[in-house]
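Peer 1: This is the content of query27.tsv (TSV, C-alpha atoms):
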```
chain	number	residue	atom	x	y	z
A	5	MET	CA	85.41	125.06	85.34
A	6	ALA	CA	86.84	125.72	88.78
A	7	ASP	CA	86.78	129.13	90.44
A	8	PRO	CA	90.23	130.59	89.61
A	9	GLN	CA	90.54	132.39	92.96
A	10	LEU	CA	89.72	129.27	94.94
A	11	LYS	CA	92.08	127.24	92.79
A	12	GLU	CA	94.89	129.69	93.48
A	13	LYS	CA	94.16	129.51	97.21
A	14	VAL	CA	94.24	125.71	97.17
A	15	GLU	CA	97.49	125.68	95.23
A	16	GLU	CA	99.01	128.07	97.79
A	17	LEU	CA	97.90	125.84	100.66
A	18	VAL	CA	99.26	122.71	99.00
A	19	ALA	CA	102.58	124.43	98.27
A	20	GLY	CA	102.80	125.93	101.76
A	21	ASN	CA	102.06	122.79	103.79
A	22	PRO	CA	104.32	119.75	103.35
A	23	VAL	CA	101.55	117.53	104.74
A	24	LEU	CA	98.04	118.75	104.03
A	25	LEU	CA	94.74	116.94	104.47
A	26	PHE	CA	91.52	118.02	102.78
A	27	MET	CA	88.80	116.39	104.83
A	28	LYS	CA	85.14	116.51	105.80
A	29	GLY	CA	85.06	118.10	109.23
A	30	THR	CA	88.08	118.81	111.40
A	31	PRO	CA	90.70	116.50	112.95
A	32	GLU	CA	88.97	117.08	116.29
A	33	MET	CA	85.56	116.33	114.84
A	34	PRO	CA	85.65	114.46	111.55
A	35	ARG	CA	82.32	114.39	109.76
A	36	CYS	CA	82.96	111.35	107.61
A	37	GLY	CA	84.34	107.91	108.38
A	38	PHE	CA	86.91	108.02	105.59
A	39	SER	CA	88.25	111.37	106.80
A	40	MET	CA	88.38	110.03	110.34
A	41	ARG	CA	90.45	107.05	109.24
A	42	VAL	CA	93.08	109.29	107.66
A	43	VAL	CA	93.18	111.51	110.76
A	44	GLN	CA	93.71	108.43	112.93
A	45	VAL	CA	96.60	107.29	110.77
A	46	LEU	CA	98.24	110.73	110.80
A	47	ASP	CA	97.72	111.15	114.53
A	48	SER	CA	99.42	107.83	115.17
A	49	MET	CA	102.53	109.16	113.44
A	50	ASP	CA	104.80	111.87	114.66
A	51	VAL	CA	103.94	114.32	111.92
A	52	GLU	CA	102.57	117.83	111.75
A	53	TYR	CA	99.87	118.35	109.22
A	54	GLY	CA	97.50	121.01	108.06
A	55	ALA	CA	93.82	120.22	107.65
A	56	VAL	CA	91.17	121.92	105.54
A	57	ASP	CA	87.48	121.28	106.11
A	58	VAL	CA	85.95	120.95	102.65
A	59	LEU	CA	82.31	120.87	103.75
A	60	PRO	CA	81.68	124.62	103.58
A	61	ALA	CA	82.65	124.63	99.88
A	62	LEU	CA	82.36	121.00	98.83
A	63	GLN	CA	81.35	121.35	95.19
A	64	PRO	CA	83.70	124.25	94.32
A	65	LEU	CA	86.58	122.34	95.94
A	66	ARG	CA	85.72	119.18	94.00
A	67	GLU	CA	86.02	121.23	90.82
A	68	VAL	CA	89.38	122.60	91.93
A	69	THR	CA	90.90	119.24	92.89
A	70	ALA	CA	89.53	117.67	89.70
A	71	GLU	CA	91.64	120.19	87.80
A	72	ILE	CA	94.81	120.18	89.87
A	73	SER	CA	95.05	116.49	90.67
A	74	ASP	CA	92.36	114.66	88.69
A	75	TRP	CA	90.64	113.59	91.93
A	76	GLN	CA	87.23	114.64	93.20
A	77	THR	CA	86.51	112.71	96.35
A	78	PHE	CA	87.59	113.62	99.87
A	79	PRO	CA	89.62	113.04	101.99
A	80	GLN	CA	92.75	113.87	100.01
A	81	LEU	CA	96.21	113.79	101.53
A	82	TYR	CA	98.91	115.88	99.88
A	83	VAL	CA	102.55	115.30	100.72
A	84	ASN	CA	105.17	117.69	99.39
A	85	GLY	CA	102.76	119.14	96.87
A	86	GLU	CA	101.58	115.82	95.42
A	87	LEU	CA	98.32	114.01	96.00
A	88	LEU	CA	99.20	110.79	97.79
A	89	GLY	CA	95.67	109.44	97.95
A	90	GLY	CA	92.44	109.07	99.87
A	91	ALA	CA	91.61	106.80	102.80
A	92	ASP	CA	92.18	103.49	100.97
A	93	ILE	CA	95.63	104.44	99.73
A	94	VAL	CA	96.69	106.12	102.97
A	95	GLU	CA	95.76	103.05	105.04
A	96	GLU	CA	97.41	100.69	102.60
A	97	MET	CA	100.61	102.74	102.54
A	98	PHE	CA	100.55	103.06	106.31
A	99	ALA	CA	100.29	99.30	106.75
A	100	SER	CA	103.18	98.69	104.36
A	101	GLY	CA	105.43	101.36	105.87
A	102	GLU	CA	105.44	103.41	102.65
A	103	LEU	CA	103.56	106.26	104.31
A	104	ALA	CA	106.20	106.70	107.02
A	105	GLU	CA	108.80	106.73	104.26
A	106	ALA	CA	106.89	109.34	102.24
A	107	LEU	CA	106.48	111.50	105.34
A	108	GLY	CA	110.08	111.01	106.42
A	109	VAL	CA	109.13	109.74	109.88
A	110	GLU	CA	109.61	106.51	111.81
A	111	GLN	CA	106.93	103.87	111.44
A	112	PRO	CA	105.15	103.76	114.83
A	113	ALA	CA	106.17	100.63	116.73
A	114	THR	CA	102.65	99.67	117.70
A	115	THR	CA	101.38	98.92	114.21
A	116	ALA	CA	102.76	95.40	114.12
A	117	GLN	CA	100.87	94.41	117.24
A	118	GLN	CA	97.39	95.42	116.07
A	119	GLU	CA	96.56	97.02	119.40
A	120	PRO	CA	92.97	97.98	119.90
A	121	ALA	CA	92.34	101.69	119.72
A	122	PRO	CA	92.35	103.38	123.12
A	123	PRO	CA	88.89	104.16	124.43
A	124	PRO	CA	87.71	107.68	123.74
A	125	GLN	CA	88.29	110.04	126.63
A	126	GLN	CA	84.74	111.20	126.60
A	127	SER	CA	81.59	109.97	125.05
A	128	PRO	CA	80.63	111.57	121.75
A	129	PRO	CA	78.20	114.43	121.92
A	130	LEU	CA	74.60	113.39	121.78
A	131	GLN	CA	72.56	114.45	118.84
A	132	ILE	CA	68.90	115.16	118.97
A	133	GLU	CA	67.35	114.60	115.57
B	30	MET	CA	70.77	99.44	89.79
B	31	VAL	CA	74.49	99.11	89.35
B	32	ASP	CA	75.64	96.54	86.85
B	33	LEU	CA	78.67	94.91	88.45
B	34	ALA	CA	79.42	92.79	85.38
B	35	GLU	CA	79.45	95.90	83.21
B	36	LEU	CA	81.84	97.70	85.58
B	37	THR	CA	84.10	94.64	85.58
B	38	SER	CA	84.21	94.52	81.80
B	39	MET	CA	84.83	98.28	81.55
B	40	ILE	CA	87.90	97.89	83.75
B	41	GLU	CA	89.04	94.79	81.89
B	42	ALA	CA	88.69	96.63	78.59
B	43	ALA	CA	90.79	99.56	79.86
B	44	LEU	CA	93.45	97.29	81.35
B	45	PRO	CA	93.83	94.25	79.10
B	46	GLY	CA	95.13	91.23	80.99
B	47	ALA	CA	93.94	92.51	84.37
B	48	GLU	CA	92.25	90.36	87.00
B	49	VAL	CA	89.20	92.33	88.08
B	50	ALA	CA	86.62	91.76	90.80
B	51	VAL	CA	83.86	94.25	91.58
B	52	GLU	CA	81.72	93.66	94.65
B	53	ASP	CA	78.74	95.41	96.10
B	54	GLU	CA	79.67	95.50	99.77
B	55	ASP	CA	76.31	96.38	101.25
B	56	GLY	CA	74.05	95.01	98.55
B	57	GLY	CA	72.57	98.45	97.95
B	58	GLY	CA	74.97	99.64	95.30
B	59	GLN	CA	76.30	102.40	97.54
B	60	HIS	CA	79.58	100.85	98.60
B	61	LEU	CA	81.33	99.21	95.71
B	62	ARG	CA	84.77	97.71	95.91
B	63	ALA	CA	86.99	96.96	92.94
B	64	THR	CA	90.00	94.73	93.31
B	65	VAL	CA	92.28	94.99	90.30
B	66	LYS	CA	95.51	93.20	89.60
B	67	ALA	CA	97.07	94.47	86.40
B	68	PRO	CA	100.43	94.38	84.63
B	69	GLN	CA	99.90	98.03	83.59
B	70	PHE	CA	100.36	99.11	87.25
B	71	GLU	CA	104.07	98.31	87.16
B	72	GLY	CA	106.09	101.38	88.12
B	73	LEU	CA	103.05	103.55	88.90
B	74	SER	CA	102.27	105.20	92.22
B	75	ARG	CA	99.14	103.96	93.97
B	76	ILE	CA	97.29	107.14	93.13
B	77	ASP	CA	98.06	106.68	89.44
B	78	GLN	CA	96.94	103.04	89.62
B	79	HIS	CA	93.67	104.20	91.16
B	80	ARG	CA	93.30	106.92	88.53
B	81	LEU	CA	93.47	104.29	85.79
B	82	VAL	CA	90.70	102.28	87.43
B	83	LYS	CA	88.53	105.36	88.05
B	84	ALA	CA	89.04	106.55	84.49
B	85	ALA	CA	87.83	103.18	83.21
B	86	VAL	CA	84.46	103.58	84.94
B	87	LYS	CA	84.23	107.38	84.70
B	88	GLU	CA	81.11	107.20	82.55
B	89	ARG	CA	79.23	105.45	85.36
B	90	PHE	CA	80.31	108.13	87.86
B	91	ASP	CA	79.29	110.85	85.43
B	92	ASP	CA	75.84	109.40	84.78
B	93	GLY	CA	75.27	108.88	88.50
B	94	ALA	CA	75.11	105.07	88.40
B	95	ILE	CA	77.87	104.87	91.03
B	96	HIS	CA	78.75	107.27	93.81
B	97	ALA	CA	81.58	105.63	95.66
B	98	LEU	CA	84.10	103.03	94.65
B	99	SER	CA	86.78	101.65	96.95
B	100	ILE	CA	89.75	100.48	94.97
B	101	LYS	CA	92.45	98.02	95.81
B	102	THR	CA	95.21	97.61	93.28
B	103	GLU	CA	98.06	95.20	92.89
B	104	VAL	CA	100.75	94.87	90.26
B	105	ALA	CA	100.40	91.62	88.33
B	106	GLY	CA	103.71	89.81	88.38
```
Let's see the structure in the file written out as structure tokens.
Peer 2:
Amino acid sequence: MADPQLKEKVEELVAGNPVLLFMKGTPEMPRCGFSMRVVQVLDSMDVEYGAVDVLPALQPLREVTAEISDWQTFPQLYVNGELLGGADIVEEMFASGELAEALGVEQPATTAQQEPAPPPQQSPPLQIE
Amino acid sequence: MVDLAELTSMIEAALPGAEVAVEDEDGGGQHLRATVKAPQFEGLSRIDQHRLVKAAVKERFDDGAIHALSIKTEVAG
């Protein structure tokens, strides 16, 4: 059973943000490849979105999203209060143009050309294990 | 070890008439991919199509046999 206070908070966030991404990490520093893929898709489109890092409360948030949208894995992209999907669905809908339609934005012109991603502006931070 | 044939038949049982393929992408059972083409998907959003597939194998998520399943769905014509 999900924590009622957390559930209420999540429902408020979903209702208050037309485009909301629950992800592992932040858009600036995603902590999971699937979350990163959704961020890349959203950043390629002219859309404002809110992002929630689920890592600090992963299990409680899984319980909440299981109840509100019957989905327990992250990332999760909500558009106008409805769960659109995770990375697989977001990429598929992006490729087909359905995502742009759902978001009410223009499909970016570059998608048809399969341009390579621009090189990162700086090398990723080094990690010492 | 994940039983791919069992997962396939669980999905087929939940969605009669579906074409189902379940692959183990890395050979270690950690990255599974299910490709499902089913007439039942007609008129459903992608998320609802995926929910049907996940529900079909829910038992294997619950007992820990599988952790992650990529899903690709298509409406059977």
Peer 1: Find the residues in chain B near chain A: any atom within 12 Å counts, using only C-alpha atoms. Write them as a list in words.
Peer 2: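 Residues satisfying the distance criterion: Arg62, Ala63, Thr64, Ser74, Arg75, Ile76, Asp77, Gln78, His79, Arg80, Leu81, Lys83, Ala84, Lys87, Phe90, Asp91, His96, Ala97, Leu98, Ser99, Ile100, Lys101, Thr102 and Glu103 of chain B.
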Peer 1: Using C-alpha atoms, can you export the residues from the last selection as a PDB file, keeping the file's coordinate frame?
Peer 2:
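Wrote it out as again.pdb, contents follow:
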```pdb
ATOM      1  CA  ARG B  62      84.770  97.710  95.910  1.00  0.00           C
ATOM      2  CA  ALA B  63      86.990  96.960  92.940  1.00  0.00           C
ATOM      3  CA  THR B  64      90.000  94.730  93.310  1.00  0.00           C
ATOM      4  CA  SER B  74     102.270 105.200  92.220  1.00  0.00           C
ATOM      5  CA  ARG B  75      99.140 103.960  93.970  1.00  0.00           C
ATOM      6  CA  ILE B  76      97.290 107.140  93.130  1.00  0.00           C
ATOM      7  CA  ASP B  77      98.060 106.680  89.440  1.00  0.00           C
ATOM      8  CA  GLN B  78      96.940 103.040  89.620  1.00  0.00           C
ATOM      9  CA  HIS B  79      93.670 104.200  91.160  1.00  0.00           C
ATOM     10  CA  ARG B  80      93.300 106.920  88.530  1.00  0.00           C
ATOM     11  CA  LEU B  81      93.470 104.290  85.790  1.00  0.00           C
ATOM     12  CA  LYS B  83      88.530 105.360  88.050  1.00  0.00           C
ATOM     13  CA  ALA B  84      89.040 106.550  84.490  1.00  0.00           C
ATOM     14  CA  LYS B  87      84.230 107.380  84.700  1.00  0.00           C
ATOM     15  CA  PHE B  90      80.310 108.130  87.860  1.00  0.00           C
ATOM     16  CA  ASP B  91      79.290 110.850  85.430  1.00  0.00           C
ATOM     17  CA  HIS B  96      78.750 107.270  93.810  1.00  0.00           C
ATOM     18  CA  ALA B  97      81.580 105.630  95.660  1.00  0.00           C
ATOM     19  CA  LEU B  98      84.100 103.030  94.650  1.00  0.00           C
ATOM     20  CA  SER B  99      86.780 101.650  96.950  1.00  0.00           C
ATOM     21  CA  ILE B 100      89.750 100.480  94.970  1.00  0.00           C
ATOM     22  CA  LYS B 101      92.450  98.020  95.810  1.00  0.00           C
ATOM     23  CA  THR B 102      95.210  97.610  93.280  1.00  0.00           C
ATOM     24  CA  GLU B 103      98.060  95.200  92.890  1.00  0.00           C
TER      25      GLU B 103
END
```
Peer 1: Atom CA of Pro60 of chain A to atom CA of Tyr82 of chain A: how many Å, to one decimal?
Peer 2: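 Separation of atom CA of Pro60 of chain A and atom CA of Tyr82 of chain A: 19.7 Å.
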Peer 1: Can you work out the spacing between atom CA of Gly85 of chain A and atom CA of Glu15 of chain A in Å, to one decimal?
Peer 2: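 Taking atom CA of Gly85 of chain A as the start and atom CA of Glu15 of chain A as the end point, the length is 8.6 Å.
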Peer 1: Between atom CA of Val51 of chain B and atom CA of Leu36 of chain B, measure the distance and give it in Å to one decimal.
Peer 2: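 Separation of atom CA of Val51 of chain B and atom CA of Leu36 of chain B: 7.2 Å.
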Peer 1: Which one is closest to Leu44 of chain B: B:Glu71, B:Asp32, B:Ala85, B:Gly56? Count only C-alpha atoms.
Peer 2: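 Result for the nearest residue to Leu44 of chain B: B:Ala85.
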Peer 1: Nearest residue to Glu32 of chain A out of A:Asp7, A:Ala55, A:Gly101, A:Gln76, using only C-alpha atoms?
Peer 2: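 For Glu32 of chain A, the nearest of the given residues is A:Ala55.
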